[in-house]
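Asks: Hey, dropping model07.cif in here, mmCIF, C-alpha atoms:
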```
data_data
#
loop_
_atom_site.label_atom_id
_atom_site.label_comp_id
_atom_site.auth_asym_id
_atom_site.auth_seq_id
_atom_site.Cartn_x
_atom_site.Cartn_y
_atom_site.Cartn_z
CA MET H 1 16.78 -7.71 133.38
CA LEU H 2 14.68 -10.72 132.55
CA LYS H 3 12.75 -11.93 135.55
CA HIS H 4 10.70 -14.87 134.36
CA PHE H 5 11.10 -18.46 133.28
CA PHE H 6 10.53 -18.74 129.55
CA GLY H 7 8.28 -21.49 128.24
CA PRO H 8 7.75 -22.03 124.50
CA LEU H 9 5.41 -19.68 122.68
CA ALA H 10 2.66 -21.09 120.53
CA ALA H 11 3.28 -20.93 116.78
CA ALA H 12 2.05 -17.70 115.26
CA LEU H 13 1.10 -16.71 111.75
CA LEU H 14 3.42 -14.45 109.83
CA VAL H 15 2.09 -10.94 109.44
CA THR H 16 2.87 -8.15 107.03
CA PHE H 17 4.74 -5.27 108.62
CA ALA H 18 3.41 -1.88 107.61
CA THR H 19 6.77 -0.19 108.09
CA SER H 20 10.23 -1.05 109.36
CA CYS H 21 13.63 0.41 110.02
CA VAL H 22 15.85 -0.89 107.24
CA PRO H 23 19.16 0.96 106.87
CA ALA H 24 21.49 -0.18 104.12
CA ALA H 25 23.36 -3.44 104.60
CA GLY H 26 26.72 -2.88 106.22
CA ALA H 27 25.55 0.06 108.32
CA ASP H 28 27.43 0.41 111.59
CA ILE H 29 26.20 -1.49 114.64
CA ARG H 30 25.94 0.82 117.63
CA TRP H 31 27.62 -0.88 120.57
CA GLY H 32 27.55 0.05 124.22
CA VAL H 33 26.26 -0.64 127.70
CA ASN H 34 23.31 -0.28 130.04
CA GLU H 35 23.94 2.26 132.82
CA SER H 36 21.79 1.46 135.84
CA GLY H 37 21.01 3.72 138.77
CA LEU H 38 17.99 5.81 137.92
CA GLU H 39 15.74 2.74 138.09
CA PHE H 40 17.01 1.52 141.48
CA GLY H 41 14.95 1.56 144.68
CA THR H 42 11.44 2.78 145.36
CA GLY H 43 11.85 6.11 147.13
CA PRO H 44 12.29 9.59 145.67
CA VAL H 45 15.65 10.63 147.15
CA ILE H 46 18.62 10.67 144.78
CA GLY H 47 21.76 9.35 146.43
CA THR H 48 19.68 7.33 148.90
CA ASN H 49 17.01 5.49 146.91
CA PHE H 50 18.61 5.77 143.50
CA VAL H 51 21.60 7.29 141.75
CA ALA H 52 22.27 9.07 138.47
CA PRO H 53 25.07 7.19 136.69
CA ASP H 54 27.95 8.98 135.02
CA PRO H 55 28.68 7.55 131.55
CA GLY H 56 32.15 9.08 131.47
CA TYR H 57 34.10 5.85 131.96
CA TYR H 58 32.32 4.06 129.13
CA LEU H 59 32.50 7.05 126.81
CA GLN H 60 36.26 7.07 127.33
CA GLN H 61 36.29 3.44 126.15
CA GLY H 62 34.70 4.55 122.89
CA VAL H 63 31.19 3.15 123.30
CA GLU H 64 28.64 4.44 120.83
CA LEU H 65 25.50 3.81 122.89
CA ILE H 66 24.38 4.23 126.49
CA ARG H 67 21.03 2.65 127.40
CA VAL H 68 19.57 4.37 130.46
CA PRO H 69 16.87 2.52 132.43
CA PHE H 70 14.54 4.78 134.43
CA LYS H 71 11.39 4.46 136.51
CA LEU H 72 8.22 5.74 134.88
CA ASN H 73 6.71 7.11 138.07
CA ARG H 74 9.89 9.03 138.92
CA LEU H 75 9.87 10.73 135.54
CA GLN H 76 6.14 11.46 135.73
CA PRO H 77 5.00 11.25 139.38
CA THR H 78 1.44 12.31 138.53
CA PRO H 79 -0.34 10.91 135.45
CA GLY H 80 -1.00 13.58 132.85
CA ALA H 81 1.18 16.12 134.66
CA PRO H 82 4.53 17.59 133.58
CA LEU H 83 7.65 15.48 133.93
CA SER H 84 9.73 15.84 137.09
CA PRO H 85 12.20 18.72 136.49
CA ALA H 86 14.86 17.12 138.70
CA TYR H 87 14.58 13.74 136.99
CA VAL H 88 14.58 15.39 133.57
CA GLN H 89 17.79 17.15 134.57
CA ASP H 90 19.35 13.83 135.63
CA LEU H 91 18.53 12.29 132.26
CA GLN H 92 19.52 15.37 130.29
CA SER H 93 22.92 15.43 131.96
CA ILE H 94 23.60 11.91 130.68
CA ILE H 95 22.29 12.75 127.21
CA THR H 96 24.51 15.84 127.01
CA LYS H 97 27.64 13.88 127.97
CA ASP H 98 26.80 11.08 125.55
CA SER H 99 26.13 13.50 122.71
CA ALA H 100 29.39 15.38 123.29
CA ALA H 101 31.26 12.08 122.94
CA GLY H 102 29.37 11.12 119.78
CA ALA H 103 27.26 8.44 121.49
CA ILE H 104 23.52 7.91 121.30
CA THR H 105 21.39 7.65 124.45
CA VAL H 106 18.66 5.01 124.57
CA LEU H 107 15.86 6.02 126.95
CA ASP H 108 14.52 2.83 128.56
CA PRO H 109 11.22 3.05 130.51
CA GLN H 110 11.55 0.29 133.12
CA GLY H 111 7.84 -0.39 133.55
CA PHE H 112 7.56 -4.04 132.44
CA GLY H 113 4.17 -3.20 130.89
CA PHE H 114 2.84 -1.28 133.90
CA TYR H 115 2.26 2.39 134.77
CA ASP H 116 1.49 3.75 138.25
CA VAL H 117 -2.01 5.08 138.91
CA ASN H 118 -2.80 6.31 142.42
CA GLY H 119 0.56 4.96 143.56
CA LYS H 120 0.02 1.42 142.31
CA PRO H 121 1.31 -0.25 139.14
CA ARG H 122 -1.46 -0.92 136.64
CA ASP H 123 -1.36 -3.02 133.48
CA ILE H 124 -1.33 -0.72 130.46
CA LEU H 125 -3.17 -3.39 128.44
CA THR H 126 -6.17 -3.63 130.76
CA ASP H 127 -6.35 -0.35 132.71
CA PRO H 128 -7.48 2.63 130.58
CA ALA H 129 -6.10 5.15 133.07
CA ALA H 130 -2.70 3.45 133.01
CA ALA H 131 -2.73 3.38 129.21
CA ALA H 132 -3.66 7.07 129.04
CA GLY H 133 -0.94 8.00 131.53
CA TYR H 134 1.64 5.96 129.66
CA LEU H 135 0.75 7.50 126.29
CA ASP H 136 0.88 11.02 127.73
CA MET H 137 4.29 10.29 129.23
CA MET H 138 5.69 9.01 125.94
CA THR H 139 4.58 12.14 124.11
CA ARG H 140 6.19 14.30 126.79
CA ILE H 141 9.40 12.27 126.51
CA ALA H 142 9.51 13.01 122.78
CA GLN H 143 8.83 16.69 123.39
CA THR H 144 11.50 16.92 126.10
CA PHE H 145 14.30 14.67 124.81
CA GLY H 146 13.55 14.23 121.12
CA SER H 147 16.85 14.86 119.33
CA GLU H 148 18.96 12.99 116.81
CA ASN H 149 21.23 11.75 119.61
CA VAL H 150 18.40 10.03 121.50
CA ALA H 151 16.63 6.74 120.77
CA ILE H 152 13.27 6.23 122.46
CA GLY H 153 12.41 2.82 123.85
CA LEU H 154 8.70 2.20 124.38
CA MET H 155 8.87 -0.16 127.38
CA ASN H 156 11.27 -2.55 129.07
CA GLU H 157 10.25 -6.22 129.00
CA PRO H 158 6.44 -6.15 128.86
CA HIS H 159 5.02 -9.58 129.66
CA ALA H 160 1.31 -9.44 130.55
CA GLY H 161 0.05 -10.04 126.99
CA ALA H 162 0.98 -11.00 123.46
CA ASP H 163 2.66 -8.83 120.84
CA THR H 164 -0.61 -8.60 118.93
CA ALA H 165 -2.25 -7.03 122.00
CA TYR H 166 0.58 -4.63 122.77
CA ALA H 167 0.96 -3.48 119.16
CA ALA H 168 -2.20 -1.35 119.24
CA LEU H 169 -0.84 0.56 122.23
CA TRP H 170 2.67 0.82 120.76
CA ASN H 171 1.17 2.29 117.59
CA ARG H 172 -0.67 4.94 119.59
CA ALA H 173 2.54 5.77 121.45
CA ILE H 174 4.47 5.95 118.17
CA ALA H 175 1.84 8.25 116.67
CA GLY H 176 2.13 10.63 119.64
CA ILE H 177 5.93 10.54 119.51
CA ARG H 178 5.97 11.38 115.80
CA GLN H 179 3.34 14.10 116.20
CA ALA H 180 5.64 15.68 118.80
CA GLY H 181 8.23 16.07 116.05
CA TYR H 182 10.63 13.26 116.97
CA LYS H 183 12.34 11.80 113.90
CA GLY H 184 14.78 9.37 115.50
CA ILE H 185 14.55 5.63 115.97
CA ILE H 186 11.86 4.07 118.17
CA LEU H 187 12.64 0.76 119.86
CA VAL H 188 9.61 -1.53 120.03
CA PRO H 189 9.77 -4.27 122.69
CA HIS H 190 8.86 -7.88 122.10
CA ALA H 191 6.44 -9.15 124.74
CA HIS H 192 7.33 -12.14 126.95
CA TRP H 193 10.18 -10.26 128.60
CA SER H 194 11.71 -9.47 125.16
CA ASN H 195 13.17 -12.98 125.00
CA ALA H 196 15.17 -13.21 121.76
CA ALA H 197 14.85 -17.00 121.59
CA ASP H 198 11.10 -16.65 120.99
CA ILE H 199 11.56 -15.16 117.55
CA THR H 200 12.17 -17.37 114.52
CA PRO H 201 10.83 -17.47 110.96
CA ALA H 202 8.39 -20.16 112.15
CA ARG H 203 7.41 -18.08 115.22
CA PRO H 204 7.69 -14.48 113.98
CA TYR H 205 7.07 -11.26 115.80
CA THR H 206 3.31 -10.75 115.41
CA GLY H 207 2.89 -7.06 116.21
CA ASN H 208 1.67 -5.05 113.22
CA ILE H 209 3.70 -1.90 113.86
CA ILE H 210 2.74 1.28 112.04
CA ASP H 211 5.35 4.02 112.21
CA PRO H 212 4.71 7.18 110.17
CA GLY H 213 8.46 7.91 110.44
CA ASN H 214 9.44 4.48 109.10
CA ASN H 215 12.24 4.30 111.65
CA TRP H 216 11.86 1.57 114.25
CA ALA H 217 13.62 -1.58 115.38
CA LEU H 218 12.52 -4.58 117.47
CA GLU H 219 14.16 -4.73 120.89
CA LEU H 220 15.17 -8.18 122.11
CA HIS H 221 17.11 -9.38 125.16
CA MET H 222 19.19 -12.52 125.47
CA TYR H 223 20.91 -14.13 128.44
CA MET H 224 22.78 -17.40 128.52
CA ASP H 225 21.75 -19.17 131.71
CA ALA H 226 19.40 -22.17 131.67
CA ASP H 227 16.20 -20.19 132.29
CA SER H 228 17.22 -17.13 130.24
CA THR H 229 16.64 -14.83 133.21
CA GLY H 230 20.12 -13.33 133.41
CA THR H 231 20.26 -14.03 137.15
CA TYR H 232 22.89 -16.73 136.56
CA ARG H 233 21.79 -18.67 139.60
CA LYS H 234 22.68 -21.53 137.27
CA PRO H 235 25.75 -21.39 135.03
CA VAL H 236 25.99 -20.54 131.36
CA VAL H 237 24.56 -23.44 129.36
CA SER H 238 27.33 -23.71 126.75
CA ALA H 239 29.74 -21.64 124.71
CA GLU H 240 27.31 -21.81 121.78
CA ILE H 241 24.06 -21.01 123.62
CA GLY H 242 24.02 -17.29 122.85
CA ALA H 243 24.53 -17.81 119.15
CA GLN H 244 21.88 -20.54 119.18
CA ARG H 245 19.33 -18.33 120.94
CA LEU H 246 19.91 -15.51 118.43
CA ALA H 247 19.90 -17.66 115.29
CA GLY H 248 16.14 -17.67 114.81
CA ALA H 249 15.77 -13.93 115.35
CA ILE H 250 18.59 -13.24 112.89
CA ALA H 251 16.91 -15.42 110.26
CA TRP H 252 13.55 -13.73 110.90
CA SER H 253 15.09 -10.27 110.58
CA LYS H 254 16.65 -11.15 107.25
CA GLN H 255 13.24 -12.29 106.00
CA SER H 256 11.14 -9.48 107.45
CA HIS H 257 13.69 -6.67 106.97
CA VAL H 258 12.99 -5.42 110.49
CA ARG H 259 16.22 -4.63 112.33
CA ILE H 260 16.95 -5.73 115.89
CA PHE H 261 18.29 -3.91 118.92
CA LEU H 262 19.86 -6.41 121.31
CA GLY H 263 19.15 -4.20 124.29
CA GLU H 264 20.44 -6.52 127.00
CA THR H 265 22.96 -9.35 126.97
CA ASN H 266 25.97 -10.47 128.99
CA ALA H 267 27.49 -13.45 130.75
CA PRO H 268 29.62 -13.88 133.89
CA ALA H 269 33.38 -13.52 133.58
CA THR H 270 34.03 -17.25 133.85
CA PRO H 271 35.89 -19.09 131.08
CA LEU H 272 32.62 -20.58 129.77
CA GLY H 273 30.75 -17.30 130.18
CA LEU H 274 33.36 -15.33 128.28
CA ALA H 275 33.45 -17.92 125.52
CA ALA H 276 29.67 -17.68 125.17
CA LEU H 277 29.80 -13.89 125.16
CA ARG H 278 32.57 -13.86 122.55
CA ASN H 279 30.49 -16.09 120.27
CA THR H 280 27.39 -13.97 120.85
CA LEU H 281 29.12 -10.69 120.04
CA GLY H 282 30.67 -12.32 117.01
CA GLU H 283 27.24 -13.28 115.71
CA VAL H 284 26.03 -9.71 116.19
CA ALA H 285 29.09 -8.19 114.53
CA ALA H 286 28.70 -10.52 111.55
CA ALA H 287 25.15 -9.29 110.88
CA PRO H 288 25.22 -5.49 110.43
CA ASP H 289 22.18 -5.78 108.17
CA VAL H 290 20.26 -7.23 111.14
CA PHE H 291 21.43 -5.41 114.26
CA TRP H 292 20.83 -1.70 114.84
CA GLY H 293 22.76 -1.95 118.10
CA VAL H 294 23.80 -4.03 121.11
CA ALA H 295 24.17 -3.11 124.78
CA LEU H 296 25.79 -5.17 127.53
CA TRP H 297 23.94 -5.26 130.84
CA GLY H 298 25.56 -4.43 134.13
CA GLY H 299 26.97 -0.89 134.09
CA GLY H 300 26.32 1.55 136.91
CA PRO H 301 27.92 2.48 140.24
CA TRP H 302 25.60 0.56 142.57
CA TRP H 303 26.19 -2.95 141.24
CA LYS H 304 28.20 -4.82 143.87
CA PRO H 305 31.61 -6.31 143.04
CA ASP H 306 30.20 -9.84 143.30
CA TYR H 307 27.37 -9.14 140.84
CA PRO H 308 28.13 -11.58 138.00
CA LEU H 309 27.34 -9.05 135.25
CA ARG H 310 29.04 -6.00 136.76
CA LEU H 311 30.75 -3.87 134.11
CA ASP H 312 32.16 -0.98 136.14
CA PRO H 313 35.85 -1.44 137.03
CA ILE H 314 36.70 -3.29 140.22
CA ASN H 315 39.72 -1.87 142.05
CA GLY H 316 40.51 0.10 138.92
CA GLN H 317 40.61 -3.00 136.72
CA GLU H 318 38.62 -3.16 133.48
CA GLN H 319 36.09 -5.99 133.41
CA PRO H 320 36.79 -8.64 130.76
CA GLN H 321 33.31 -8.31 129.24
CA ILE H 322 34.02 -4.65 128.42
CA ALA H 323 37.40 -5.55 126.93
CA MET H 324 35.65 -8.15 124.76
CA LEU H 325 33.04 -5.62 123.63
CA GLU H 326 35.78 -3.18 122.63
CA GLN H 327 37.78 -5.83 120.81
CA THR H 328 34.72 -6.91 118.83
CA PHE H 329 33.43 -3.53 117.71
CA GLN H 330 36.09 -0.86 118.11
CA LYS H 331 37.33 0.40 114.76
#
```
Please re-express this file's structure in structure tokens.
Replies:
Amino acid sequence: MLKHFFGPLAAALLVTFATSCVPAAGADIRWGVNESGLEFGTGPVIGTNFVAPDPGYYLQQGVELIRVPFKLNRLQPTPGAPLSPAYVQDLQSIITKDSAAGAITVLDPQGFGFYDVNGKPRDILTDPAAAAGYLDMMTRIAQTFGSENVAIGLMNEPHAGADTAYAALWNRAIAGIRQAGYKGIILVPHAHWSNAADITPARPYTGNIIDPGNNWALELHMYMDADSTGTYRKPVVSAEIGAQRLAGAIAWSKQSHVRIFLGETNAPATPLGLAALRNTLGEVAAAPDVFWGVALWGGGPWWKPDYPLRLDPINGQEQPQIAMLEQTFQK
């Protein structure tokens, strides 16, 4: 989730992208949900501090993608050491279920640009030990989970620096992932909390990404409240706000030929919220040459019934956002 107030970014010069993920126009857009649980809490005890979500309900609805947020320090409690066998098993169980249903699993490291060293989060841009630990973890992720039914996200919502600064680290992570033999898609995050509204042809993504596998997409997030945080402490701005906030990124993608993964979006199930979500999903569906995939935020068993973006059924009733997702993309 976005957790920051977005101010305008300074204008940036257009750069040449060394490689990009550019499937043929008209390729299918992978549609699905975020399944929270593994990233909850701070302690180590499953069932108490966090929970492993079961994607079964969403797979039965026909989703093609499950994005799974997880804590970096739970997956790799000690920098440079093997991944936690129990946590690997939790993730692998989800991947196996998704794969059996024909869905892809997006692995989403919920670090926000930080990695724990000696029990404290450190900025991967400024702390060499944190950067080394992060890069080691990404290589191990590729070695452990690298299959055709898994997409690897590099980091959720980094925000401590600019895309130009992060790109050097992303390229090192990508190199390690490819050297580990992973051939699938890598999802590169935009800095500044991945805010989709930042990106336009006049203010392009400025990271010079080098992917030896030539298979990556830019991950963006977009919420429709006034401050773009997705907290919805204030209501949805308008029925058109989602489409407006995506318009620049769509135009940029068409120019740059770099595809987009809309990794998080949703709106409350109010009349205005649903109208905004319908327009947003319509914009995504109309641009299969732009969007690699889209995932609604708010799935997972520990979101309370009054959480405005909850996607799990309430009293057995399907949430209207899920019905809208199905109506937009189901074939």
Asks: Quick one: distance from CA of Asn149 in chain H to CA of Ile104 in chain H in Å, one decimal?
Replies: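 Computing the Euclidean distance for CA of Asn149 in chain H and CA of Ile104 in chain H yields 4.8 Å.
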Asks: Check which residues satisfy the PyMOL selection byres ((chain H and resi 285-301) around 6) in the file shown, then give them as a ChimeraX atom specification.
Replies: /H:25-27,29-36,53,259-266,282-284,302-303,309-312
Asks: CA of Arg233 in chain H and CA of Ala162 in chain H, how far apart in Å?
Replies: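 Between CA of Ala162 in chain H and CA of Arg233 in chain H the gap is 27.4 Å.
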Asks: Within 9 Å of range 84-87 of chain H, counting all atoms listed in the file, which residues show up once you throw out same-chain ones fewer than 5 positions away? Write them as a ChimeraX atom specification, please.
Replies: /H:38,74-77,92
Asks: Counting all atoms listed in the file, what is within 8 Å of range 187-194 of chain H, bar same-chain residues fewer than 2 positions away, as a ChimeraX atom specification?
Replies: /H:2-4,6,112,151-163,166,170,185,196,205,216-221,261
Asks: H:Gln255, H:Asn195, H:Ser238, H:Asn73: which is nearest Lys120 in chain H, counting only C-alpha atoms?
Replies: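 Selected residue with least distance to Lys120 in chain H: H:Asn73.
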Asks: Which residues, named as in the file, does the PyMOL selection byres ((chain H and resi 323) around 12) pick out? Answer as an MDAnalysis selection string.
Replies: chainID H and resid 32 58 61:63 269 274 277:278 281 296 311:313 317:322 324:330
Asks: In Å, how far is it from CA of Thr139 in chain H to CA of Gly176 in chain H?
Replies: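 Those two atoms sit 5.3 Å apart.
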Asks: Residues around (25.0, -17.6, 122.6), cut-off 10 Å, counting all atoms listed in the file - what are they as a list in words?
Replies: Met222, Tyr223, Met224, Asp225, Val236, Val237, Ser238, Ala239, Glu240, Ile241, Gly242, Ala243, Gln244, Arg245, Leu246, Ala247, Thr265, Asn266, Ala267, Gly273, Ala275, Ala276, Leu277, Arg278, Asn279, Thr280, Leu281, Gly282 and Glu283 of chain H
Asks: Could you check which residues have any atom within 10 Å of (-2.2, 1.9, 132.3), counting all atoms listed in the file with coordinates taken straight from the file, and then list them as an MDAnalysis selection string?
Replies: chainID H and resid 79 113:117 121:135
Asks: What would the file look like if the residues just selected were written as a PDB file, in the coordinates of the input with C-alpha atoms?
Replies:
```pdb
ATOM      1  CA  PRO H  79      -0.340  10.910 135.450  1.00  0.00           C
ATOM      2  CA  GLY H 113       4.170  -3.200 130.890  1.00  0.00           C
ATOM      3  CA  PHE H 114       2.840  -1.280 133.900  1.00  0.00           C
ATOM      4  CA  TYR H 115       2.260   2.390 134.770  1.00  0.00           C
ATOM      5  CA  ASP H 116       1.490   3.750 138.250  1.00  0.00           C
ATOM      6  CA  VAL H 117      -2.010   5.080 138.910  1.00  0.00           C
ATOM      7  CA  PRO H 121       1.310  -0.250 139.140  1.00  0.00           C
ATOM      8  CA  ARG H 122      -1.460  -0.920 136.640  1.00  0.00           C
ATOM      9  CA  ASP H 123      -1.360  -3.020 133.480  1.00  0.00           C
ATOM     10  CA  ILE H 124      -1.330  -0.720 130.460  1.00  0.00           C
ATOM     11  CA  LEU H 125      -3.170  -3.390 128.440  1.00  0.00           C
ATOM     12  CA  THR H 126      -6.170  -3.630 130.760  1.00  0.00           C
ATOM     13  CA  ASP H 127      -6.350  -0.350 132.710  1.00  0.00           C
ATOM     14  CA  PRO H 128      -7.480   2.630 130.580  1.00  0.00           C
ATOM     15  CA  ALA H 129      -6.100   5.150 133.070  1.00  0.00           C
ATOM     16  CA  ALA H 130      -2.700   3.450 133.010  1.00  0.00           C
ATOM     17  CA  ALA H 131      -2.730   3.380 129.210  1.00  0.00           C
ATOM     18  CA  ALA H 132      -3.660   7.070 129.040  1.00  0.00           C
ATOM     19  CA  GLY H 133      -0.940   8.000 131.530  1.00  0.00           C
ATOM     20  CA  TYR H 134       1.640   5.960 129.660  1.00  0.00           C
ATOM     21  CA  LEU H 135       0.750   7.500 126.290  1.00  0.00           C
TER      22      LEU H 135
END
```
